[in-house]
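Coordinates as given in query_30.txt (compact mmCIF, C-alpha atoms):
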# COMPACT_ATOMS: atom_id res chain seq x y z
CA MET A 1 6.68 24.57 -26.21
CA THR A 2 6.63 26.23 -22.77
CA GLU A 3 8.76 25.01 -19.86
CA THR A 4 5.64 23.56 -18.19
CA GLN A 5 4.75 21.63 -21.35
CA GLN A 6 8.32 20.34 -21.57
CA ASP A 7 8.17 19.17 -17.96
CA LEU A 8 4.88 17.37 -18.57
CA ALA A 9 6.41 15.68 -21.62
CA ILE A 10 9.38 14.52 -19.50
CA LEU A 11 6.90 13.32 -16.86
CA GLU A 12 5.15 11.10 -19.44
CA GLN A 13 8.50 9.85 -20.71
CA LEU A 14 9.54 8.95 -17.14
CA ALA A 15 6.29 7.02 -16.51
CA GLU A 16 7.00 4.88 -19.58
CA ALA A 17 10.65 4.43 -18.55
CA LYS A 18 9.52 3.28 -15.07
CA GLN A 19 7.36 0.54 -16.63
CA ASN A 20 10.24 -0.59 -18.83
CA PHE A 21 12.57 -0.51 -15.81
CA SER A 22 10.28 -2.80 -13.79
CA ARG A 23 9.96 -5.21 -16.73
CA GLU A 24 13.70 -5.48 -17.38
CA VAL A 25 14.73 -5.74 -13.72
CA GLY A 26 12.02 -8.39 -13.20
CA LYS A 27 13.90 -10.68 -15.61
CA VAL A 28 16.66 -11.08 -13.00
CA ILE A 29 15.32 -9.83 -9.64
CA ILE A 30 12.25 -11.52 -8.16
CA GLY A 31 10.37 -9.49 -5.56
CA GLN A 32 12.12 -6.58 -3.77
CA LYS A 33 9.90 -4.09 -5.64
CA GLU A 34 9.86 -1.59 -2.78
CA ILE A 35 13.67 -1.70 -2.43
CA LEU A 36 14.13 -1.14 -6.19
CA ASN A 37 11.63 1.71 -6.12
CA HIS A 38 13.49 3.39 -3.26
CA MET A 39 16.82 2.97 -5.07
CA LEU A 40 15.34 4.64 -8.16
CA ILE A 41 13.94 7.47 -6.01
CA ALA A 42 17.37 8.00 -4.42
CA LEU A 43 19.04 8.12 -7.84
CA LEU A 44 16.58 10.74 -9.13
CA ALA A 45 16.96 12.78 -5.91
CA LYS A 46 20.79 12.60 -6.18
CA GLY A 47 20.99 10.74 -2.87
CA HIS A 48 22.90 7.65 -1.75
CA SER A 49 21.57 4.50 -0.09
CA LEU A 50 22.68 2.16 2.67
CA LEU A 51 21.43 -1.42 2.31
CA VAL A 52 21.25 -3.59 5.42
CA GLY A 53 20.59 -7.31 5.13
CA VAL A 54 21.94 -10.75 5.97
CA PRO A 55 24.21 -12.51 3.43
CA GLY A 56 22.66 -14.24 0.44
CA LEU A 57 19.82 -11.81 -0.28
CA ALA A 58 21.26 -10.79 -3.68
CA LYS A 59 22.26 -7.26 -2.67
CA THR A 60 25.18 -7.24 -5.14
CA LEU A 61 23.06 -8.74 -7.94
CA LEU A 62 20.38 -6.13 -7.26
CA ILE A 63 22.83 -3.25 -7.69
CA LYS A 64 24.59 -4.77 -10.71
CA THR A 65 21.21 -5.28 -12.41
CA LEU A 66 20.30 -1.65 -11.67
CA SER A 67 23.46 -0.44 -13.41
CA ASP A 68 22.87 -2.71 -16.44
CA VAL A 69 19.27 -1.57 -16.92
CA LEU A 70 20.22 2.11 -16.53
CA ASP A 71 23.28 1.70 -18.80
CA LEU A 72 25.62 3.12 -16.16
CA SER A 73 29.20 2.14 -15.35
CA PHE A 74 29.50 -0.02 -12.23
CA LYS A 75 32.34 -0.70 -9.79
CA ARG A 76 32.35 -2.84 -6.67
CA ILE A 77 34.67 -2.13 -3.73
CA GLN A 78 35.04 -4.89 -1.15
CA PHE A 79 35.76 -3.12 2.12
CA THR A 80 38.32 -4.89 4.31
CA PRO A 81 40.31 -3.85 7.41
CA ASP A 82 43.46 -3.23 5.32
CA LEU A 83 41.77 -1.10 2.62
CA MET A 84 43.46 2.28 2.17
CA PRO A 85 41.84 5.56 1.02
CA SER A 86 43.96 5.48 -2.16
CA ASP A 87 42.47 2.06 -2.98
CA ILE A 88 39.14 3.89 -3.40
CA THR A 89 40.07 7.25 -4.85
CA GLY A 90 43.11 6.30 -6.90
CA THR A 91 46.82 6.96 -6.61
CA GLU A 92 49.69 8.80 -8.29
CA LEU A 93 52.38 6.60 -9.79
CA ILE A 94 55.61 7.39 -11.60
CA ASP A 95 55.37 6.89 -15.36
CA VAL A 96 58.47 6.49 -17.50
CA ASP A 97 58.30 7.65 -21.13
CA PRO A 98 59.63 4.70 -23.20
CA ASN A 99 61.17 7.05 -25.80
CA SER A 100 62.77 9.80 -23.73
CA GLY A 101 63.09 7.96 -20.43
CA GLN A 102 61.61 11.02 -18.71
CA ARG A 103 59.73 10.37 -15.49
CA SER A 104 56.48 12.03 -14.46
CA PHE A 105 53.65 11.47 -12.02
CA ARG A 106 50.37 10.17 -13.41
CA PHE A 107 47.07 9.78 -11.55
CA TYR A 108 45.44 6.38 -11.91
CA LYS A 109 41.74 6.60 -11.11
CA GLY A 110 40.31 4.31 -8.44
CA PRO A 111 36.98 2.46 -8.48
CA ILE A 112 35.17 5.54 -7.13
CA PHE A 113 35.21 6.83 -10.74
CA ALA A 114 32.02 5.06 -11.82
CA ASN A 115 28.36 6.01 -12.06
CA ILE A 116 27.19 3.37 -9.58
CA VAL A 117 29.59 2.33 -6.82
CA LEU A 118 28.86 -0.64 -4.56
CA ALA A 119 30.65 -0.22 -1.22
CA ASP A 120 30.35 -3.78 0.02
CA GLU A 121 30.43 -4.21 3.82
CA ILE A 122 31.39 -0.59 4.45
CA ASN A 123 31.58 -1.22 8.20
CA ARG A 124 34.55 -3.59 7.77
CA THR A 125 37.09 -0.86 7.06
CA PRO A 126 38.60 1.73 9.46
CA PRO A 127 37.13 5.26 9.75
CA LYS A 128 39.92 6.89 7.70
CA THR A 129 38.99 4.82 4.63
CA GLN A 130 35.26 5.25 5.25
CA ALA A 131 35.82 9.01 5.32
CA ALA A 132 37.48 8.95 1.88
CA LEU A 133 34.35 7.44 0.37
CA LEU A 134 31.98 9.70 2.28
CA GLU A 135 33.87 12.83 1.22
CA ALA A 136 33.51 11.81 -2.43
CA MET A 137 29.80 11.15 -1.84
CA GLN A 138 29.30 14.65 -0.52
CA GLU A 139 31.48 16.64 -2.92
CA HIS A 140 31.28 14.46 -6.07
CA LYS A 141 35.01 15.21 -6.36
CA VAL A 142 38.31 13.61 -5.43
CA THR A 143 41.39 15.64 -4.46
CA THR A 144 44.83 14.07 -4.53
CA GLY A 145 48.30 15.54 -4.94
CA GLY A 146 46.82 19.05 -4.97
CA GLN A 147 44.70 18.21 -8.03
CA THR A 148 40.89 17.94 -8.03
CA TYR A 149 39.09 15.42 -10.24
CA ASP A 150 35.35 15.51 -10.90
CA LEU A 151 33.47 12.22 -10.56
CA ASP A 152 31.31 10.88 -13.37
CA GLU A 153 27.66 11.95 -13.28
CA PRO A 154 25.25 10.59 -12.31
CA PHE A 155 27.15 9.42 -9.22
CA PHE A 156 25.32 7.01 -6.95
CA VAL A 157 26.80 5.09 -3.99
CA LEU A 158 25.10 2.02 -2.57
CA ALA A 159 26.75 0.74 0.60
CA THR A 160 25.94 -2.57 2.27
CA GLN A 161 26.17 -3.62 5.89
CA ASN A 162 25.81 -7.08 7.41
CA PRO A 163 23.71 -6.77 10.59
CA ILE A 164 24.61 -10.16 12.13
CA GLU A 165 28.43 -10.12 12.10
CA GLN A 166 29.63 -7.34 14.39
CA GLU A 167 33.06 -8.75 15.30
CA GLY A 168 35.86 -6.85 13.58
CA THR A 169 33.61 -4.06 12.30
CA TYR A 170 33.79 -0.27 12.48
CA PRO A 171 30.21 1.03 12.71
CA LEU A 172 29.58 4.26 10.81
CA PRO A 173 29.26 7.28 13.12
CA GLU A 174 25.91 9.09 13.11
CA ALA A 175 27.40 12.10 11.28
CA GLN A 176 28.55 9.84 8.44
CA LEU A 177 25.30 7.86 8.36
CA ASP A 178 23.57 11.19 7.77
CA ARG A 179 25.24 11.35 4.32
CA PHE A 180 23.00 8.52 3.16
CA MET A 181 19.53 9.50 1.98
CA PHE A 182 18.02 6.06 2.63
CA ASN A 183 18.64 3.21 5.03
CA LEU A 184 16.96 0.24 3.33
CA ASN A 185 16.37 -3.05 5.13
CA ILE A 186 16.41 -6.05 2.78
CA ASP A 187 14.41 -8.91 4.27
CA TYR A 188 14.07 -12.58 3.38
CA PRO A 189 11.86 -13.28 0.33
CA SER A 190 8.38 -14.73 0.70
CA THR A 191 7.96 -18.49 0.16
CA ALA A 192 6.47 -17.95 -3.30
CA ASP A 193 9.30 -15.58 -4.29
CA GLU A 194 11.94 -17.97 -2.94
CA ILE A 195 10.47 -20.85 -4.98
CA ALA A 196 10.60 -18.65 -8.09
CA ILE A 197 14.19 -17.59 -7.27
CA VAL A 198 15.34 -21.20 -6.93
CA ARG A 199 13.67 -22.17 -10.21
CA GLU A 200 15.17 -19.21 -12.10
CA THR A 201 18.70 -19.52 -10.71
CA THR A 202 19.15 -23.27 -11.16
CA THR A 203 18.90 -23.20 -14.97
CA THR A 204 21.50 -22.23 -17.56
CA GLU A 205 19.30 -19.87 -19.55
CA PRO A 206 21.01 -16.42 -19.68
CA LYS A 207 19.01 -13.26 -19.09
CA VAL A 208 19.57 -10.46 -21.59
CA LEU A 209 18.83 -6.99 -20.17
CA LYS A 210 18.04 -3.98 -22.34
CA PRO A 211 19.17 -0.53 -21.16
CA ILE A 212 16.10 1.68 -20.73
CA MET A 213 17.62 5.07 -19.81
CA THR A 214 20.59 7.09 -20.98
CA LYS A 215 22.78 9.31 -18.79
CA GLN A 216 21.24 12.37 -20.42
CA GLU A 217 17.70 11.15 -19.65
CA ILE A 218 18.62 10.44 -16.02
CA ALA A 219 20.10 13.95 -15.76
CA SER A 220 16.88 15.44 -17.17
CA TYR A 221 14.80 13.47 -14.64
CA GLN A 222 17.07 14.66 -11.80
CA ASP A 223 16.62 18.26 -12.96
CA LEU A 224 12.85 17.72 -13.14
CA VAL A 225 12.80 16.59 -9.49
CA ARG A 226 14.31 19.94 -8.48
CA ARG A 227 11.71 21.86 -10.51
CA VAL A 228 8.67 20.00 -9.13
CA PRO A 229 6.50 22.46 -7.16
CA VAL A 230 5.62 21.57 -3.56
CA ALA A 231 2.72 23.00 -1.56
CA ASP A 232 3.63 24.92 1.60
CA ASN A 233 1.67 22.55 3.84
CA VAL A 234 3.68 19.57 2.52
CA VAL A 235 7.03 21.25 3.30
CA GLU A 236 5.74 22.36 6.70
CA TYR A 237 4.61 18.80 7.51
CA ALA A 238 8.06 17.41 6.61
CA VAL A 239 9.77 19.95 8.88
CA LYS A 240 7.24 19.34 11.67
CA LEU A 241 7.77 15.57 11.46
CA VAL A 242 11.56 15.87 11.60
CA GLY A 243 11.41 18.43 14.41
CA ALA A 244 9.25 16.06 16.45
CA THR A 245 12.06 13.45 16.45
CA ARG A 246 14.25 15.76 18.58
CA PRO A 247 13.79 15.12 22.33
CA ASN A 248 14.87 18.67 23.23
CA SER A 249 12.28 20.26 20.92
CA ASP A 250 9.16 21.90 22.33
CA GLY A 251 6.94 20.08 19.84
CA SER A 252 8.23 16.56 20.47
CA PRO A 253 5.81 14.04 22.05
CA ASP A 254 6.46 12.58 25.50
CA PHE A 255 7.51 9.18 24.13
CA ILE A 256 10.21 10.84 21.99
CA GLN A 257 11.62 12.59 25.07
CA ARG A 258 11.56 9.28 26.91
CA PHE A 259 12.98 6.94 24.25
CA VAL A 260 15.24 9.06 21.99
CA ASP A 261 18.74 10.42 22.62
CA TRP A 262 19.20 12.26 19.31
CA GLY A 263 16.78 13.24 16.59
CA ALA A 264 17.16 13.99 12.88
CA GLY A 265 18.74 17.16 11.49
CA PRO A 266 17.68 19.51 8.67
CA ARG A 267 19.14 17.20 6.00
CA ALA A 268 16.32 14.76 6.84
CA SER A 269 13.72 17.45 6.02
CA GLN A 270 15.45 18.14 2.71
CA TYR A 271 15.53 14.45 1.80
CA LEU A 272 11.88 13.96 2.81
CA VAL A 273 10.81 16.65 0.34
CA LEU A 274 13.18 15.49 -2.42
CA GLY A 275 12.12 11.87 -1.94
CA ALA A 276 8.44 12.83 -2.04
CA LYS A 277 9.02 14.82 -5.24
CA ALA A 278 10.83 11.90 -6.93
CA LYS A 279 8.16 9.44 -5.78
CA SER A 280 5.35 11.61 -7.14
CA ILE A 281 6.85 12.00 -10.63
CA LEU A 282 7.65 8.28 -10.79
CA GLU A 283 3.94 7.70 -10.20
CA GLY A 284 3.02 10.24 -12.88
CA ARG A 285 1.88 12.99 -10.49
CA PRO A 286 3.18 16.56 -11.01
CA THR A 287 3.39 17.43 -7.30
CA PRO A 288 3.81 15.46 -4.03
CA ASN A 289 1.37 15.27 -1.14
CA ILE A 290 1.68 14.57 2.58
CA ASN A 291 1.23 10.81 2.06
CA ASP A 292 4.41 10.86 -0.06
CA ILE A 293 6.27 12.45 2.89
CA ARG A 294 4.91 9.75 5.21
CA ASP A 295 5.94 6.98 2.81
CA MET A 296 9.51 8.33 2.79
CA ALA A 297 9.73 8.69 6.59
CA LEU A 298 11.00 5.25 7.65
CA PRO A 299 13.91 4.80 5.19
CA ILE A 300 15.01 8.43 5.66
CA LEU A 301 14.66 8.69 9.45
CA ARG A 302 15.56 5.23 10.77
CA HIS A 303 19.33 5.90 10.71
CA ARG A 304 18.98 9.49 11.93
CA VAL A 305 17.01 8.82 15.13
CA LEU A 306 19.03 7.29 17.97
CA PRO A 307 17.00 5.38 20.60
CA ASN A 308 18.29 5.49 24.17
CA PHE A 309 18.68 2.92 26.95
CA ASN A 310 15.01 3.25 27.97
CA ALA A 311 13.92 2.16 24.49
CA GLU A 312 16.33 -0.78 24.54
CA ALA A 313 15.13 -1.85 27.99
CA GLU A 314 11.51 -1.89 26.82
CA GLY A 315 12.27 -3.58 23.49
CA MET A 316 11.41 -0.49 21.45
CA LYS A 317 13.07 -0.46 18.04
CA VAL A 318 13.57 2.72 16.03
CA GLU A 319 10.84 1.59 13.58
CA ASP A 320 8.37 1.27 16.48
CA ILE A 321 9.18 4.81 17.63
CA LEU A 322 8.83 6.25 14.10
CA ASN A 323 5.54 4.45 13.43
CA GLN A 324 4.16 5.80 16.70
CA LEU A 325 5.37 9.25 15.70
CA LEU A 326 3.62 9.03 12.30
CA ASP A 327 0.40 8.11 14.13
CA THR A 328 0.86 11.12 16.42
CA ILE A 329 1.88 13.88 13.96
CA THR A 330 -1.15 14.81 11.91
CA GLU A 331 -1.42 17.15 8.93

Once more with this new file: its structure as structure tokens, please.
Amino acid sequence: MTETQQDLAILEQLAEAKQNFSREVGKVIIGQKEILNHMLIALLAKGHSLLVGVPGLAKTLLIKTLSDVLDLSFKRIQFTPDLMPSDITGTELIDVDPNSGQRSFRFYKGPIFANIVLADEINRTPPKTQAALLEAMQEHKVTTGGQTYDLDEPFFVLATQNPIEQEGTYPLPEAQLDRFMFNLNIDYPSTADEIAIVRETTTTEPKVLKPIMTKQEIASYQDLVRRVPVADNVVEYAVKLVGATRPNSDGSPDFIQRFVDWGAGPRASQYLVLGAKAKSILEGRPTPNINDIRDMALPILRHRVLPNFNAEAEGMKVEDILNQLLDTITE
């Protein structure tokens, strides 16, 4: 079997796994299909996601269900103002041998050593502790006491932020926000979905979830994303779109120069292409198109484009600016 035939076989296997994933997750999570799809895309693209939503929208349940269905280890870190970096990465403690009485240092792994890590209310902890998590996200390693420890693969961080309680918070700087592939806004459910949620969650019937992917299968899907071919015009469109978000760029529209302080960097272009590749294979297509790039634009760019005072004065949100940009930048 040639490499192309092997890739096509993996593509068919992934399409079936995606159907099974939707079925199993649907036993617990009602609605939120787009959010779940984006989380799966981020996992396959080896990216991380930031989830923004008011309390009570089942963000934690969503992530825990994802780990159960994918058969991955899961740890939750509640970020608080007194959380220390060692509370995330782990710490060295003195161990005493009960037989010889000899003392030695031993590293006790922190909650970062899991496949899926939920960083709950990441903006409630000081920058020093935020940085410890973000370094692990970037390097997939933890260094302590001069020793480096590799994190378990696949490694996927989902951080949550509460948009309505800003007192006592430490907003993530733009440079650290850039580490997240997606910024996903979780909204209130529709009336029909909320009725179904209330019915399902006010009974005692337990939901049994079946794992539908192994770590090895996820790794093979992640490798497949990297091997997916992309047409030159698709890559060029992604770079053109990102370049147009920069107010100091020659190709940026007038409204970008008027309403934006800072645009997106090259990492946004990389994530647009990776996200489009993951989206295409999840839909059973062997290569992405420009519409896939456009579908990835909002969650990838909304935390990388910084509106200025003019935009705030005229009630222009970052989503409004990006939607106008997508209407302006053609193929």

**Prompt:** Which neighbours of range 232-249 of chain A fall inside 9 Å, counting all atoms listed in the file, when residues of the same chain fewer than 4 positions from it are skipped, and could you give them as number ranges by chain?
**Reply:** A: 253-266, 268-270, 272-273, 288-290, 293-294, 297, 301, 305, 322, 325-326, 329-331

**Asked** Between A:Leu133, A:Ala159, A:Leu172, A:Ala276, which has the minimum distance to Ile63 in chain A (counting all atoms listed in the file)?
**Response**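 Ranked by minimum distance to Ile63 in chain A, first place goes to A:Ala159.
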
**Item:** Option closest in space to Lys279 in chain A, from A:Tyr221, A:Ser86, A:Ala231, A:Val142 [counting only C-alpha atoms]
**Value:** A:Tyr221

**Prompt:** Quick one: distance from CA of Lys210 in chain A to CA of Lys75 in chain A in Å, one decimal?
**Reply:**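 Computed distance, CA of Lys210 in chain A to CA of Lys75 in chain A, equals 19.3 Å.
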
**Prompt:** For the atom pair CA of Asp187 in chain A and CA of Val52 in chain A, what is the interatomic distance in Å to one decimal place?
**Reply:**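 Straight-line distance from CA of Asp187 in chain A to CA of Val52 in chain A works out to 8.7 Å.
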
**Item:** Computed interatomic separation between CA of Val318 in chain A and CA of Gly56 in chain A (Å)
**Value:**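 The value is 24.8 Å.
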
Give me, as a Markdown table, the closest atom pair and its distance (Å, one decimal) for every residue of range 168-203 of chain A within a cut-off of 9 Å of range 112-127 of chain A, counting all atoms listed in the file, rows sorted by chain and rising number.
| residue | atom | partner | partner_atom | distance |
| --- | --- | --- | --- | --- |
| A:Gly168 | CA | A:Arg124 | CA | 6.8 |
| A:Thr169 | CA | A:Arg124 | CA | 4.7 |
| A:Tyr170 | CA | A:Asn123 | CA | 4.9 |
| A:Pro171 | CA | A:Asn123 | CA | 5.2 |
| A:Leu172 | CA | A:Asn123 | CA | 6.4 |
| A:Pro173 | CA | A:Pro127 | CA | 8.8 |

Please put the answer as AutoDock Vina command-line options: centre and edge lengths, in Å with one decimal, of a box along x, y and z that encloses all listed atoms of range 125-141 of chain A plus 4 Å on each side.
--center_x 34.6 --center_y 7.9 --center_z 1.7 --size_x 18.6 --size_y 25.5 --size_z 24.1

**Prompt:** In terms of the shortest atom-to-atom distance over all atoms listed in the file, which of A:Ile35, A:Ile197, A:Leu93, A:Ala313 is closest to Gly53 in chain A?
**Reply:**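 Between A:Ile35, A:Ile197, A:Leu93, A:Ala313, the residue approaching Gly53 in chain A most closely is A:Ile35.
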
**Message:** Quick one: residues within 7 Å of range 177-182 of chain A, all atoms listed in the file, excluding same-chain residues fewer than 3 positions away - as a PyMOL selection string?
**Reply:** chain A and resi 42+47-50+172-174+271+299-300+303-304

**Message:** Quick one: residues within 12 Å of Asn20 in chain A, all atoms listed in the file, excluding same-chain residues fewer than 6 positions away - as an MDAnalysis selection string?
**Reply:** chainID A and resid 13:14 26:27 69:70 209:213

For the selection you just gave me, I'd like the residues written to a file as a compact mmCIF listing (two decimals), keeping the file's coordinate frame, keeping C-alpha atoms.
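Okay, again17.txt is ready:
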# COMPACT_ATOMS: atom_id res chain seq x y z
CA GLN A 13 8.50 9.85 -20.71
CA LEU A 14 9.54 8.95 -17.14
CA GLY A 26 12.02 -8.39 -13.20
CA LYS A 27 13.90 -10.68 -15.61
CA VAL A 69 19.27 -1.57 -16.92
CA LEU A 70 20.22 2.11 -16.53
CA LEU A 209 18.83 -6.99 -20.17
CA LYS A 210 18.04 -3.98 -22.34
CA PRO A 211 19.17 -0.53 -21.16
CA ILE A 212 16.10 1.68 -20.73
CA MET A 213 17.62 5.07 -19.81

**Request:** Point out the residue among A:Ile10, A:Val225, A:Leu282, A:Ile88 with the least atom-to-atom distance to Gln130 in chain A, counting only C-alpha atoms.
**Result:** A:Ile88

**Message:** Around (15.6, 8.0, -8.2), as given in the file, which residues come within 10 Å? Count all atoms listed in the file and list them as a ChimeraX atom specification.
**Reply:** /A:36-48,156,218,221-222,225,274-275,277-279,281-282

**Message:** When you look at Leu57 in chain A with a cut-off of 10 Å (counting all atoms listed in the file), what residues show up, excluding the ones that are within fewer than 3 positions of it in the same chain? I need them as a ChimeraX atom specification.
**Reply:** /A:32,53-54,60-62,186-189

**Request:** Rank A:Arg199, A:Glu312, A:Pro55, A:Met296 by their smallest atom-to-atom distance to Pro163 in chain A, using only C-alpha atoms, and report the top residue only.
**Result:**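 The answer is A:Pro55, which sits nearest to Pro163 in chain A.
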
**Item:** Selected residue, from A:Ile30, A:Phe107, A:Gln216, A:Lys141, that lies nearest to Glu200 in chain A when counting all atoms listed in the file
**Value:**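 Answer, going by the shortest atom-to-atom distance: A:Ile30.
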
Place N, CA and C atoms on range 130-155 of chain A and deliver the coordinates as a short mmCIF file (atom, residue, chain, number, x, y, z; two decimals), keeping the file's coordinate frame.
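The result, stored in rebuild-v4.cif:
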data_model
loop_
_atom_site.label_atom_id
_atom_site.label_comp_id
_atom_site.auth_asym_id
_atom_site.auth_seq_id
_atom_site.Cartn_x
_atom_site.Cartn_y
_atom_site.Cartn_z
N GLN A 130 36.67 4.90 5.39
CA GLN A 130 35.26 5.25 5.25
C GLN A 130 35.12 6.72 4.89
N ALA A 131 35.91 7.56 5.54
CA ALA A 131 35.82 9.01 5.32
C ALA A 131 36.16 9.39 3.89
N ALA A 132 37.10 8.65 3.27
CA ALA A 132 37.48 8.95 1.88
C ALA A 132 36.29 8.76 0.95
N LEU A 133 35.54 7.69 1.19
CA LEU A 133 34.35 7.44 0.37
C LEU A 133 33.28 8.48 0.65
N LEU A 134 33.06 8.79 1.92
CA LEU A 134 31.98 9.70 2.28
C LEU A 134 32.26 11.13 1.81
N GLU A 135 33.53 11.51 1.75
CA GLU A 135 33.87 12.83 1.22
C GLU A 135 33.52 12.91 -0.27
N ALA A 136 33.84 11.85 -1.01
CA ALA A 136 33.51 11.81 -2.43
C ALA A 136 32.00 11.82 -2.64
N MET A 137 31.27 11.15 -1.75
CA MET A 137 29.80 11.15 -1.84
C MET A 137 29.24 12.55 -1.70
N GLN A 138 29.81 13.32 -0.79
CA GLN A 138 29.30 14.65 -0.52
C GLN A 138 29.68 15.65 -1.60
N GLU A 139 30.96 15.61 -2.02
CA GLU A 139 31.48 16.64 -2.92
C GLU A 139 31.39 16.26 -4.39
N HIS A 140 31.23 14.95 -4.69
CA HIS A 140 31.28 14.46 -6.07
C HIS A 140 32.62 14.82 -6.72
N LYS A 141 33.66 14.88 -5.89
CA LYS A 141 35.01 15.21 -6.36
C LYS A 141 36.03 14.41 -5.54
N VAL A 142 37.21 14.24 -6.13
CA VAL A 142 38.31 13.61 -5.43
C VAL A 142 39.53 14.52 -5.56
N THR A 143 40.18 14.80 -4.43
CA THR A 143 41.39 15.64 -4.46
C THR A 143 42.58 14.81 -4.02
N THR A 144 43.62 14.80 -4.85
CA THR A 144 44.83 14.07 -4.53
C THR A 144 46.03 14.78 -5.17
N GLY A 145 47.10 14.87 -4.42
CA GLY A 145 48.30 15.54 -4.94
C GLY A 145 48.06 16.98 -5.35
N GLY A 146 47.12 17.66 -4.65
CA GLY A 146 46.82 19.05 -4.97
C GLY A 146 45.96 19.24 -6.20
N GLN A 147 45.53 18.13 -6.82
CA GLN A 147 44.70 18.21 -8.03
C GLN A 147 43.31 17.68 -7.72
N THR A 148 42.28 18.36 -8.24
CA THR A 148 40.89 17.94 -8.03
C THR A 148 40.34 17.30 -9.29
N TYR A 149 39.68 16.16 -9.12
CA TYR A 149 39.09 15.42 -10.24
C TYR A 149 37.59 15.28 -10.00
N ASP A 150 36.80 15.66 -11.00
CA ASP A 150 35.35 15.51 -10.90
C ASP A 150 34.95 14.06 -11.13
N LEU A 151 33.98 13.58 -10.38
CA LEU A 151 33.47 12.22 -10.56
C LEU A 151 32.44 12.19 -11.69
N ASP A 152 32.28 11.04 -12.28
CA ASP A 152 31.31 10.88 -13.37
C ASP A 152 29.90 11.09 -12.84
N GLU A 153 29.07 11.76 -13.63
CA GLU A 153 27.66 11.95 -13.28
C GLU A 153 26.78 11.12 -14.22
N PRO A 154 25.68 10.57 -13.71
CA PRO A 154 25.25 10.59 -12.31
C PRO A 154 26.15 9.72 -11.44
N PHE A 155 26.30 10.14 -10.18
CA PHE A 155 27.15 9.42 -9.22
C PHE A 155 26.29 8.94 -8.08
#
